[in-house]
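Trainee: Below is the file target-v8.txt, which contains compact mmCIF, C-alpha atoms and all ligand atoms.
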```
# COMPACT_ATOMS: atom_id res chain seq x y z
CA MET A 1 18.86 -17.02 -5.90
CA GLY A 2 18.80 -14.34 -8.63
CA ALA A 3 16.39 -15.01 -11.49
CA ASN A 4 15.45 -18.43 -10.05
CA SER A 5 13.62 -16.93 -7.11
CA TYR A 6 11.27 -15.21 -9.55
CA GLU A 7 10.76 -18.33 -11.66
CA LYS A 8 10.02 -20.79 -8.85
CA PRO A 9 7.28 -20.20 -6.34
CA ASP A 10 9.18 -19.23 -3.19
CA TYR A 11 8.21 -19.79 0.44
CA TRP A 12 6.04 -16.64 0.64
CA SER A 13 4.27 -17.29 -2.69
CA LYS A 14 3.38 -20.84 -1.68
CA LYS A 15 2.16 -19.68 1.72
CA ALA A 16 0.01 -16.95 0.08
CA PHE A 17 -1.55 -19.50 -2.29
CA GLN A 18 -2.29 -21.90 0.58
CA GLU A 19 -3.83 -19.15 2.69
CA GLY A 20 -6.01 -17.80 -0.15
CA TYR A 21 -4.21 -14.53 -0.85
CA PRO A 22 -3.72 -13.49 -4.48
CA ALA A 23 -0.11 -12.32 -3.91
CA ARG A 24 2.83 -12.87 -1.58
CA SER A 25 2.96 -9.15 -0.80
CA VAL A 26 0.36 -9.74 1.94
CA TYR A 27 3.12 -10.81 4.34
CA LYS A 28 4.75 -7.39 4.11
CA LEU A 29 1.56 -5.69 5.33
CA LYS A 30 1.01 -8.41 7.95
CA GLU A 31 4.50 -7.86 9.35
CA MET A 32 4.05 -4.08 9.43
CA ASP A 33 0.64 -4.50 11.06
CA GLU A 34 2.07 -6.81 13.71
CA LYS A 35 4.87 -4.36 14.45
CA PHE A 36 2.95 -1.07 14.27
CA ALA A 37 -0.68 -2.08 15.11
CA LEU A 38 -2.12 -0.53 11.96
CA VAL A 39 -5.31 -2.52 11.41
CA ARG A 40 -8.13 -2.96 13.92
CA LYS A 41 -11.82 -3.69 13.63
CA GLY A 42 -14.05 -0.80 12.62
CA ILE A 43 -11.46 1.31 10.80
CA ARG A 44 -11.86 2.83 7.35
CA ALA A 45 -8.84 1.93 5.22
CA LEU A 46 -7.76 3.23 1.83
CA ASP A 47 -5.62 0.81 -0.23
CA LEU A 48 -3.78 2.56 -3.10
CA GLY A 49 -2.33 0.34 -5.84
CA ALA A 50 -4.39 -2.57 -4.53
CA ALA A 51 -4.42 -5.19 -7.33
CA PRO A 52 -4.46 -8.14 -7.37
CA GLY A 53 -5.73 -7.61 -3.83
CA SER A 54 -3.74 -9.41 -1.16
CA TRP A 55 -3.50 -6.31 1.04
CA THR A 56 -7.22 -5.67 0.47
CA THR A 57 -7.97 -9.29 1.45
CA TYR A 58 -5.85 -8.96 4.60
CA LEU A 59 -7.70 -5.76 5.54
CA LEU A 60 -11.11 -7.31 4.88
CA ARG A 61 -10.29 -10.43 6.90
CA LYS A 62 -9.00 -8.41 9.83
CA LEU A 63 -11.98 -6.00 9.76
CA ASP A 64 -14.25 -9.05 9.73
CA GLY A 65 -17.29 -7.26 8.32
CA THR A 66 -16.75 -4.02 10.27
CA GLY A 67 -15.42 -0.68 8.95
CA ARG A 68 -14.75 -0.20 5.25
CA VAL A 69 -11.99 -0.78 2.70
CA THR A 70 -11.68 1.46 -0.35
CA ALA A 71 -9.28 0.05 -2.93
CA ILE A 72 -7.94 1.67 -6.10
CA ASP A 73 -5.84 0.30 -8.95
CA LEU A 74 -5.31 0.60 -12.71
CA SER A 75 -6.00 -3.15 -12.88
CA PRO A 76 -8.98 -5.09 -11.53
CA LEU A 77 -8.80 -7.02 -8.27
CA ALA A 78 -8.69 -10.82 -8.44
CA LYS A 79 -12.22 -12.17 -8.74
CA ASP A 80 -12.31 -13.69 -5.25
CA VAL A 81 -11.50 -10.38 -3.56
CA LYS A 82 -14.96 -9.29 -2.41
CA GLY A 83 -16.74 -7.89 0.58
CA ASP A 84 -19.89 -5.97 1.47
CA ASN A 85 -17.61 -3.40 3.09
CA LEU A 86 -15.30 -3.13 0.04
CA SER A 87 -15.46 -0.38 -2.60
CA PHE A 88 -13.14 -0.71 -5.57
CA PHE A 89 -12.35 2.00 -8.12
CA GLN A 90 -10.45 1.01 -11.23
CA GLY A 91 -8.39 3.94 -12.49
CA ASP A 92 -5.28 6.06 -12.20
CA LEU A 93 -4.35 7.42 -8.77
CA TYR A 94 -3.25 10.61 -10.53
CA ALA A 95 -6.78 11.18 -11.96
CA PRO A 96 -8.79 13.87 -10.11
CA ALA A 97 -11.99 11.82 -10.54
CA ILE A 98 -10.40 8.85 -8.74
CA ARG A 99 -9.22 11.09 -5.91
CA ALA A 100 -12.72 12.55 -5.65
CA SER A 101 -14.20 9.02 -5.40
CA ALA A 102 -11.76 8.14 -2.61
CA ALA A 103 -12.58 11.39 -0.83
CA GLU A 104 -16.33 10.70 -0.96
CA LEU A 105 -15.84 7.53 1.09
CA GLY A 106 -13.36 9.11 3.50
CA PRO A 107 -11.98 10.23 5.80
CA TYR A 108 -9.78 7.24 6.61
CA ASP A 109 -8.02 5.89 9.68
CA LEU A 110 -5.38 4.15 7.56
CA VAL A 111 -3.95 4.82 4.08
CA VAL A 112 -1.69 2.13 2.61
CA CYS A 113 0.05 2.41 -0.73
CA ASP A 114 1.86 -0.54 -2.31
CA ALA A 115 1.63 1.05 -5.78
CA ALA A 116 4.64 0.41 -7.98
CA PRO A 117 5.34 1.76 -11.47
CA ALA A 118 5.70 -0.68 -14.36
CA THR A 119 9.48 -1.10 -14.25
CA THR A 120 11.64 -0.29 -17.27
CA GLY A 121 14.86 -1.84 -15.98
CA ASN A 122 16.38 1.62 -15.86
CA ARG A 123 16.91 2.17 -12.14
CA THR A 124 16.94 5.98 -12.39
CA VAL A 125 13.66 6.09 -14.31
CA ASP A 126 11.99 3.45 -12.11
CA THR A 127 13.07 5.14 -8.88
CA ALA A 128 11.85 8.56 -10.10
CA ARG A 129 8.44 7.07 -11.00
CA SER A 130 8.22 5.35 -7.63
CA SER A 131 9.00 8.67 -5.89
CA GLY A 132 6.20 10.30 -7.88
CA LEU A 133 3.75 7.70 -6.58
CA VAL A 134 5.00 8.20 -3.03
CA GLU A 135 4.45 11.97 -3.26
CA LEU A 136 0.98 11.30 -4.63
CA ALA A 137 0.16 8.85 -1.83
CA LEU A 138 1.27 11.49 0.64
CA VAL A 139 -1.22 13.92 -0.93
CA TYR A 140 -3.98 11.34 -0.41
CA ALA A 141 -2.85 10.77 3.19
CA GLU A 142 -2.61 14.47 3.98
CA GLY A 143 -6.07 15.20 2.58
CA LEU A 144 -7.98 12.09 3.62
CA LEU A 145 -6.55 10.79 6.92
CA VAL A 146 -8.19 11.60 10.22
CA SER A 147 -6.12 13.14 12.96
CA GLY A 148 -4.22 10.24 14.59
CA GLY A 149 -4.44 8.19 11.35
CA ASN A 150 -1.61 6.01 10.03
CA PHE A 151 0.12 5.72 6.65
CA VAL A 152 2.28 3.12 4.89
CA VAL A 153 3.89 3.65 1.51
CA LYS A 154 6.27 1.65 -0.66
CA VAL A 155 9.30 3.40 -2.13
CA PHE A 156 12.17 2.19 -4.28
CA GLN A 157 15.41 2.69 -2.34
CA GLY A 158 17.35 5.68 -3.63
CA GLY A 159 14.07 7.48 -4.37
CA GLY A 160 14.67 10.35 -1.96
CA GLU A 161 13.50 8.53 1.17
CA GLN A 162 15.13 11.08 3.49
CA GLU A 163 13.33 13.97 1.79
CA ILE A 164 10.03 12.11 1.96
CA LEU A 165 10.59 11.18 5.60
CA LYS A 166 11.24 14.84 6.34
CA LYS A 167 7.85 15.73 4.84
CA MET A 168 6.22 12.87 6.73
CA ARG A 169 7.70 14.05 10.04
CA ALA A 170 5.89 17.36 9.54
CA LEU A 171 2.61 15.47 9.09
CA PHE A 172 2.91 12.57 11.55
CA ALA A 173 3.94 12.20 15.20
CA THR A 174 6.38 9.46 14.06
CA ALA A 175 7.80 8.60 10.65
CA ARG A 176 10.36 5.90 9.86
CA GLY A 177 11.53 3.43 7.24
CA PHE A 178 10.93 -0.32 7.52
CA LYS A 179 11.96 -3.22 5.28
CA PRO A 180 9.78 -6.31 5.90
CA GLU A 181 11.38 -9.76 5.91
CA ALA A 182 9.00 -10.79 3.12
CA CYS A 183 10.60 -8.35 0.64
CA ARG A 184 12.60 -10.32 -1.91
CA ALA A 185 16.29 -10.30 -0.98
CA GLU A 186 17.17 -8.82 -4.37
CA SER A 187 14.39 -6.21 -4.26
CA PHE A 188 15.25 -2.56 -3.77
CA GLU A 189 11.82 -1.70 -2.40
CA THR A 190 11.27 -0.56 1.15
CA TYR A 191 8.43 1.04 3.11
CA LEU A 192 7.94 4.34 4.91
CA ILE A 193 5.55 4.46 7.83
CA GLY A 194 3.83 7.50 9.33
CA LEU A 195 2.05 7.02 12.66
CA GLY A 196 -0.37 9.41 14.30
CA LYS A 197 -1.29 12.11 11.79
CA LYS A 198 -1.05 15.47 13.45
CA GLY A 199 -4.24 17.51 13.77
CA ASN A 200 -4.84 20.64 11.70
C1 LIG B 1 2.88 -4.52 -6.24
S1 LIG B 1 1.30 -4.26 -6.93
C2 LIG B 1 0.29 -4.11 -5.49
C3 LIG B 1 0.06 -5.42 -4.80
C4 LIG B 1 -1.06 -5.34 -3.78
N1 LIG B 1 -0.65 -4.58 -2.60
C5 LIG B 1 -1.47 -6.73 -3.32
O1 LIG B 1 -1.07 -7.09 -2.21
O2 LIG B 1 -2.14 -7.44 -4.06
C6 LIG B 1 1.42 -2.60 -7.48
C7 LIG B 1 0.15 -2.07 -8.10
O3 LIG B 1 0.28 -0.66 -8.29
C8 LIG B 1 -0.60 -0.32 -9.34
N2 LIG B 1 -0.34 1.03 -9.84
C9 LIG B 1 0.83 1.55 -10.29
N3 LIG B 1 0.66 2.81 -10.70
C10 LIG B 1 -0.65 3.13 -10.48
C11 LIG B 1 -1.43 4.29 -10.70
N4 LIG B 1 -0.90 5.40 -11.23
N5 LIG B 1 -2.74 4.25 -10.39
C12 LIG B 1 -3.30 3.12 -9.87
N6 LIG B 1 -2.60 1.98 -9.63
C13 LIG B 1 -1.30 1.99 -9.93
C14 LIG B 1 -0.32 -1.40 -10.38
O4 LIG B 1 -1.39 -1.50 -11.30
C15 LIG B 1 -0.16 -2.65 -9.50
O5 LIG B 1 -1.34 -3.41 -9.46
```
Could the structure of this file be written out as structure tokens, please?
Ligand SMILES: C[S@@+](CC[C@H](N)C(=O)[O-])C[C@H]1O[C@@H](n2cnc3c(N)ncnc32)[C@H](O)[C@@H]1O

Mentor:
Amino acid sequence: MGANSYEKPDYWSKKAFQEGYPARSVYKLKEMDEKFALVRKGIRALDLGAAPGSWTTYLLRKLDGTGRVTAIDLSPLAKDVKGDNLSFFQGDLYAPAIRASAAELGPYDLVVCDAAPATTGNRTVDTARSSGLVELALVYAEGLLVSGGNFVVKVFQGGGEQEILKKMRALFATARGFKPEACRAESFETYLIGLGKKGN
């Protein structure tokens, strides 16, 4: 495997292409949705770090014209990612103006964050940046999720998952880690899931 699995389209990349998703990462959300029942018709979902848009596409397909998806990324979505019930904001999740735009369309039943820092190859730096994004996603979730809402966030392993899970357990009825099958074998990413946001 090693470098080859990045060079050659693998099983998940081919499947994503055939099924009209712009990235293989869709199968991670699909698996988490199938296991934790995250997405249902009519919900308002906030997708943080959404480009090129496979998670957004999955959400739009499953909502089937109902509810709303708000997506945010530094980069644009792929051109085919569209929907009357989609709002996209291009910008930095750390920017107050972007947070205000997300808040205007909230509150949300589901916040998902697949944001990942541009990696440097230095594991310590990359993991610290990933943890920063996780903390930020948690701020979005805390402020913008309805009571009973759900949350999914990507974290690089070794990025203080236990500390983050501790914070999530204060906010959600259930919080746990989950590594989807579709994660690359050599990848050190994993996901944290918060179910049932507690009321104020
Ligand atoms: C792995 S990709 C997301 C893939 C997406 N879930 C999909 O299925 O198409 C990670 C994304 O996080 C975005 N990102 C990283 N840091 C960000 C930030 N500070 N603000 C907004 N987006 C950010 C990157 O631009 C990148 O598009």

Trainee: Using all atoms listed in the file, which residues of the polymer chains come no farther than 6 Å from ligand LIG 1 (chain B)? I'd like the answer as a ChimeraX atom specification.

Mentor: /A:23,25-26,49-55,73-75,91-94,114-117

Trainee: For the selection just defined, write its residues with C-alpha atoms to a file, as a PDB file, keeping the file's coordinate frame.

Mentor:
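The file below, again_6.pdb, is the result:
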```pdb
ATOM      1  CA  ALA A  23      -0.110 -12.320  -3.910  1.00  0.00           C
ATOM      2  CA  SER A  25       2.960  -9.150  -0.800  1.00  0.00           C
ATOM      3  CA  VAL A  26       0.360  -9.740   1.940  1.00  0.00           C
ATOM      4  CA  GLY A  49      -2.330   0.340  -5.840  1.00  0.00           C
ATOM      5  CA  ALA A  50      -4.390  -2.570  -4.530  1.00  0.00           C
ATOM      6  CA  ALA A  51      -4.420  -5.190  -7.330  1.00  0.00           C
ATOM      7  CA  PRO A  52      -4.460  -8.140  -7.370  1.00  0.00           C
ATOM      8  CA  GLY A  53      -5.730  -7.610  -3.830  1.00  0.00           C
ATOM      9  CA  SER A  54      -3.740  -9.410  -1.160  1.00  0.00           C
ATOM     10  CA  TRP A  55      -3.500  -6.310   1.040  1.00  0.00           C
ATOM     11  CA  ASP A  73      -5.840   0.300  -8.950  1.00  0.00           C
ATOM     12  CA  LEU A  74      -5.310   0.600 -12.710  1.00  0.00           C
ATOM     13  CA  SER A  75      -6.000  -3.150 -12.880  1.00  0.00           C
ATOM     14  CA  GLY A  91      -8.390   3.940 -12.490  1.00  0.00           C
ATOM     15  CA  ASP A  92      -5.280   6.060 -12.200  1.00  0.00           C
ATOM     16  CA  LEU A  93      -4.350   7.420  -8.770  1.00  0.00           C
ATOM     17  CA  TYR A  94      -3.250  10.610 -10.530  1.00  0.00           C
ATOM     18  CA  ASP A 114       1.860  -0.540  -2.310  1.00  0.00           C
ATOM     19  CA  ALA A 115       1.630   1.050  -5.780  1.00  0.00           C
ATOM     20  CA  ALA A 116       4.640   0.410  -7.980  1.00  0.00           C
ATOM     21  CA  PRO A 117       5.340   1.760 -11.470  1.00  0.00           C
TER      22      PRO A 117
END
```

Trainee: Hey, what's within 7 Å of A:Arg40 if we count only C-alpha atoms and toss same-chain stuff fewer than 2 positions away? As a ChimeraX atom specification, please?

Mentor: /A:38,42-43,62-63

Trainee: Neighbouring residues of A:Thr120 were defined as those with any atom within 12 Å, considering all atoms listed in the file; residues of the same chain fewer than 6 positions away were excluded. Please report them as a PDB file with C-alpha atoms, in the coordinates of the input.

Mentor:
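For reference, selection-v2.pdb as written:
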```pdb
ATOM      1  CA  ASP A 126      11.990   3.450 -12.110  1.00  0.00           C
ATOM      2  CA  THR A 127      13.070   5.140  -8.880  1.00  0.00           C
ATOM      3  CA  ALA A 128      11.850   8.560 -10.100  1.00  0.00           C
ATOM      4  CA  ARG A 129       8.440   7.070 -11.000  1.00  0.00           C
ATOM      5  CA  SER A 130       8.220   5.350  -7.630  1.00  0.00           C
TER       6      SER A 130
END
```

Trainee: Report as a tab-separated table: every residue of stretch 42-112 of chain A with an atom at most 6 Å from stretch 145-168 of chain A, its closest pair of atoms, and their distance in Å to one decimal, counting all atoms listed in the file, with rows sorted by chain and ascending residue number.

Mentor:
```
residue	atom	partner	partner_atom	distance
A:Pro107	CA	A:Leu145	CA	5.6
A:Tyr108	CA	A:Leu145	CA	4.8
A:Asp109	CA	A:Gly149	CA	4.6
A:Leu110	CA	A:Asn150	CA	4.9
A:Val111	CA	A:Phe151	CA	4.9
A:Val112	CA	A:Val152	CA	4.7
```

Trainee: Would you pick out the contacts of A:Leu60 at 12 Å or less, using only C-alpha atoms, so that residues sharing its chain but fewer than 3 positions from it are not included, and give the list as a ChimeraX atom specification?

Mentor: /A:21,39-47,53-57,63-71,81-87

Trainee: For atom CA of A:Gly106 and atom CA of A:Gly196, determine how far apart the two atoms are, in Å to one decimal place.

Mentor: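 That distance, rounded to one decimal, is 16.9 Å.
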
Trainee: Pick the closest to A:Lys197 from A:Pro76, A:Ala170, A:Cys183, A:Asp33: which is it, counting all atoms listed in the file?

Mentor: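 Once distances to A:Lys197 are computed over all atoms listed in the file, the minimum belongs to A:Ala170.
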
Trainee: Tell me, in Å to one decimal, how far atom CA of A:Leu133 is from atom CA of A:Ala97.

Mentor: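 Distance reported for this atom pair: 16.7 Å.
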
Trainee: Could you name the residues that touch A:Arg24 at 7 Å or less, counting all atoms listed in the file, but leaving out those on the same chain fewer than 6 positions away, as a short mmCIF file (atom, residue, chain, number, x, y, z; two decimals) with C-alpha atoms, keeping the file's coordinate frame?

Mentor:
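Output file part-v4.cif follows:
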```
data_model
loop_
_atom_site.label_atom_id
_atom_site.label_comp_id
_atom_site.auth_asym_id
_atom_site.auth_seq_id
_atom_site.Cartn_x
_atom_site.Cartn_y
_atom_site.Cartn_z
CA TRP A 12 6.04 -16.64 0.64
CA SER A 13 4.27 -17.29 -2.69
CA ALA A 16 0.01 -16.95 0.08
#
```
